[in-house]
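Worksheet: the structure to be examined is printed underneath.
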Amino acid sequence: MEAFKSENNLAHKEKPDEGPVSVTIPASPFMQKLGSGTGVNVYLMKRSPRGLSRSPWAVKKIVSKQKSSQQSIYQERLNEEAKILKNLQHPNIVGYRAFTEASDGSMCLAMEYGGEKSLNNLIDLRSENRLGPFPAATIFKVALHMARGLKYLHNDKKLLHGDIKSSNVVIKGDFEAIKICDVGMSLPLDENMTVSEPDMYYVGTEPWKPKEALQDDGVITDKADIFAFGLTLWEMMTLAVPHIYLSDTLDDCSDEDSFEDFDEEAYYAALGTRPALNMDELDSSYQYVIDLFSVCTSEDPKKRPSAACIVEALEATMSQE
């Protein structure tokens, strides 16, 4: 795609929702559980101080039922995430609200409530209802807002997100707001957009990892996020997890049968490559997002566009409509 052949470097500021200086986080049973991750749960905390209605927060807490050694690791990660998030302020990045102790004694990271559903939740729901790919216009919108958030992280904050995927994108309403969350795996980028600190390593999530993250001597740059960003667009077009090849008769199988049909060898061989699209489900309105997905998932990181280049191209296309 011509728009993505140049690497030109081209944030809207959002004032945080300032809560009271003293914050009281309720115990877990008194909050609605929104979801969970590795070693943590996320809850909805409704706030009505002195009878006033205020915007709710999302609260991330360490899961209590695990070994103390594991808890300390997850606590360290939560501390690091709080430290990073506190210094970020952008409309497409979930905002920091507080890092404090809950009434049950656990440390909690309170964040802006970006929406009840993650993009992954919406993908699963659409798949269950057999609705097919998201409309091309919706994917375009998600791409633009995600790219703006990544541009801010990469260019303004010199940070690699390190774990871009649909479950780390939260959606409010009917795609009224789109925000990247979970910056706990972020890594610092140097002036060459490279992760160069020897004690820092890319974690990511396996199906979304680029080729360079699967190699012992791979050089990790901002383009690792771009590869995972491209696969997130693929998720919206296929309603699937990258590289998870299951039986064609999956719909008629039990969960146990599904695992038996999983082709582990094909899965590991496919990691870090561009997964195929079912073009029969995608009409001409998808061509732009298909081209964007394709260029972002090049195995050569140097051939992937920067987040700034993606924003520039998408905004230019939007202004022509």
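Residue numbers start at 1 in each chain; chains themselves are named A, B, ... in the order of the structure tokens; ligands are numbered from 1 in the order shown.
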
Exercise for review: Mind the document's chain letters and residue numbers, and return as a list of chain:residue names the residues of stretch 165-277 of chain A that DSSP labels strand (DSSP E).
Suggested key: A:Val169, A:Val170, A:Ile171, A:Lys172, A:Ala177, A:Ile178, A:Lys179, A:Ile180, A:Leu187, A:Pro188

Check your understanding: Can you tell me, as a PyMOL selection string, what residues are no more than 7 Å from A:Pro56 when counting only C-alpha atoms, ignoring any on the same chain fewer than 6 positions away?
Key -> chain A and resi 44-47+113

Output N, CA and C atoms for every residue in that selection, as a short mmCIF file (atom, residue, chain, number, x, y, z; two decimals), in the first residue's frame.
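Output contents, as saved in selection_24.cif:
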data_model
loop_
_atom_site.label_atom_id
_atom_site.label_comp_id
_atom_site.auth_asym_id
_atom_site.auth_seq_id
_atom_site.Cartn_x
_atom_site.Cartn_y
_atom_site.Cartn_z
N LEU A 44 -15.03 -3.59 38.93
CA LEU A 44 -15.65 -2.29 38.72
C LEU A 44 -15.92 -1.68 40.09
N MET A 45 -15.39 -0.48 40.31
CA MET A 45 -15.61 0.22 41.57
C MET A 45 -16.48 1.45 41.29
N LYS A 46 -17.72 1.40 41.76
CA LYS A 46 -18.62 2.54 41.59
C LYS A 46 -18.34 3.55 42.70
N ARG A 47 -18.38 4.83 42.34
CA ARG A 47 -18.02 5.87 43.31
C ARG A 47 -19.15 6.88 43.44
N TYR A 113 -12.18 3.74 34.03
CA TYR A 113 -13.04 2.66 33.54
C TYR A 113 -13.27 2.91 32.05
#

Test item: residues at most 9 Å from A:Gly162, only C-alpha atoms, excluding those fewer than 3 positions along its chain, as a tab-separated table (two decimals) with N, CA and C atoms, in the first residue's frame:
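Generated output (part-v1.tsv):
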chain	number	residue	atom	x	y	z
A	159	LEU	N	8.16	4.25	24.84
A	159	LEU	CA	7.79	2.99	25.47
A	159	LEU	C	7.24	2.01	24.44
A	183	VAL	N	-0.40	-1.80	30.63
A	183	VAL	CA	0.95	-1.39	30.24
A	183	VAL	C	2.02	-2.03	31.13
A	184	GLY	N	1.64	-3.05	31.88
A	184	GLY	CA	2.57	-3.68	32.82
A	184	GLY	C	3.76	-4.35	32.18
A	185	MET	N	3.69	-4.67	30.89
A	185	MET	CA	4.81	-5.31	30.19
A	185	MET	C	5.60	-4.32	29.35
A	186	SER	N	5.35	-3.02	29.53
A	186	SER	CA	6.03	-2.00	28.72
A	186	SER	C	7.54	-2.01	28.93
A	187	LEU	N	8.25	-1.69	27.86
A	187	LEU	CA	9.72	-1.65	27.90
A	187	LEU	C	10.20	-0.32	27.35
A	202	TYR	N	11.36	-8.90	26.08
A	202	TYR	CA	9.99	-8.85	25.57
A	202	TYR	C	9.24	-10.10	26.03
A	203	VAL	N	8.08	-9.91	26.66
A	203	VAL	CA	7.27	-11.04	27.12
A	203	VAL	C	6.18	-11.34	26.09
A	204	GLY	N	5.28	-10.39	25.89
A	204	GLY	CA	4.22	-10.57	24.91
A	204	GLY	C	3.32	-11.77	25.22
A	205	THR	N	2.47	-12.09	24.26
A	205	THR	CA	1.62	-13.29	24.35
A	205	THR	C	1.86	-14.07	23.07
A	222	ASP	N	10.09	-0.86	18.28
A	222	ASP	CA	8.68	-0.45	18.30
A	222	ASP	C	7.85	-1.28	17.31
A	224	ALA	N	7.66	-4.38	17.06
A	224	ALA	CA	7.05	-5.57	17.68
A	224	ALA	C	5.59	-5.27	18.01
A	225	ASP	N	5.32	-4.06	18.50
A	225	ASP	CA	3.94	-3.65	18.76
A	225	ASP	C	3.13	-3.58	17.47
A	228	ALA	N	1.88	-7.04	16.37
A	228	ALA	CA	0.74	-7.45	17.20
A	228	ALA	C	-0.50	-6.62	16.90

Review point. What separation in Å, quoted to one decimal, exists between atom CA of A:Val289 and atom CA of A:Leu189?
Key: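 Computing the Euclidean distance for atom CA of A:Val289 and atom CA of A:Leu189 yields 27.5 Å.
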
Quick one: residues within 12 Å of stretch 70-79 of chain A, only C-alpha atoms, excluding same-chain residues fewer than 6 positions away - as a PDB file with C-alpha atoms, in the first residue's frame?
ATOM      1  CA  GLY A  37      -5.433 -11.865  33.845  1.00  0.00           C
ATOM      2  CA  THR A  38      -2.268 -13.625  34.939  1.00  0.00           C
ATOM      3  CA  GLY A  39      -2.337 -13.407  38.724  1.00  0.00           C
ATOM      4  CA  VAL A  40      -4.819 -10.526  38.846  1.00  0.00           C
ATOM      5  CA  ASN A  41      -8.535  -9.782  38.783  1.00  0.00           C
ATOM      6  CA  VAL A  59      -9.527  -1.727  39.970  1.00  0.00           C
ATOM      7  CA  LYS A  60      -6.800  -4.314  39.391  1.00  0.00           C
ATOM      8  CA  LYS A  61      -6.031  -6.538  42.394  1.00  0.00           C
ATOM      9  CA  ILE A  62      -3.672  -9.442  42.992  1.00  0.00           C
ATOM     10  CA  VAL A  63      -5.460 -12.786  43.284  1.00  0.00           C
ATOM     11  CA  SER A  64      -5.118 -13.807  46.942  1.00  0.00           C
ATOM     12  CA  LEU A  85       0.592   4.352  33.944  1.00  0.00           C
ATOM     13  CA  LYS A  86       0.896   7.339  36.290  1.00  0.00           C
ATOM     14  CA  ALA A  98      -4.726   5.766  42.194  1.00  0.00           C
ATOM     15  CA  PHE A  99      -2.393   3.133  43.629  1.00  0.00           C
ATOM     16  CA  THR A 100      -3.495   2.345  47.130  1.00  0.00           C
ATOM     17  CA  GLU A 101      -4.409  -0.297  49.697  1.00  0.00           C
ATOM     18  CA  SER A 106      -4.226  -5.825  49.271  1.00  0.00           C
ATOM     19  CA  MET A 107      -2.553  -3.263  47.025  1.00  0.00           C
ATOM     20  CA  CYS A 108      -4.726  -2.104  44.126  1.00  0.00           C
ATOM     21  CA  LEU A 109      -4.238  -0.147  40.935  1.00  0.00           C
ATOM     22  CA  ALA A 110      -7.280   2.029  40.243  1.00  0.00           C
ATOM     23  CA  ASP A 182      -2.389  -3.170  30.553  1.00  0.00           C
ATOM     24  CA  VAL A 183       0.948  -1.386  30.240  1.00  0.00           C
ATOM     25  CA  GLY A 184       2.566  -3.679  32.816  1.00  0.00           C
ATOM     26  CA  MET A 185       4.812  -5.308  30.191  1.00  0.00           C
ATOM     27  CA  SER A 186       6.025  -2.001  28.716  1.00  0.00           C
TER      28      SER A 186
END

Exercise for review: For atom CA of A:Tyr96 and atom CA of A:His154, determine how far apart the two atoms are, in Å to one decimal place.
Suggested key: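 So the two atoms, atom CA of A:Tyr96 and atom CA of A:His154, lie 18.4 Å apart.
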
Given only C-alpha atoms, how would the per-residue table for stretch 111-140 of chain A near stretch 260-282 of chain A read, listing every residue at most 10 Å away with its closest atom pair and distance in Å to one decimal, sorted by chain and number, as CSV?
residue,atom,partner,partner_atom,distance
A:Gly132,CA,A:Glu281,CA,7.5
A:Pro133,CA,A:Glu281,CA,7.4
A:Phe134,CA,A:Leu282,CA,9.9
A:Pro135,CA,A:Leu282,CA,9.4
A:Ala136,CA,A:Leu282,CA,8.8
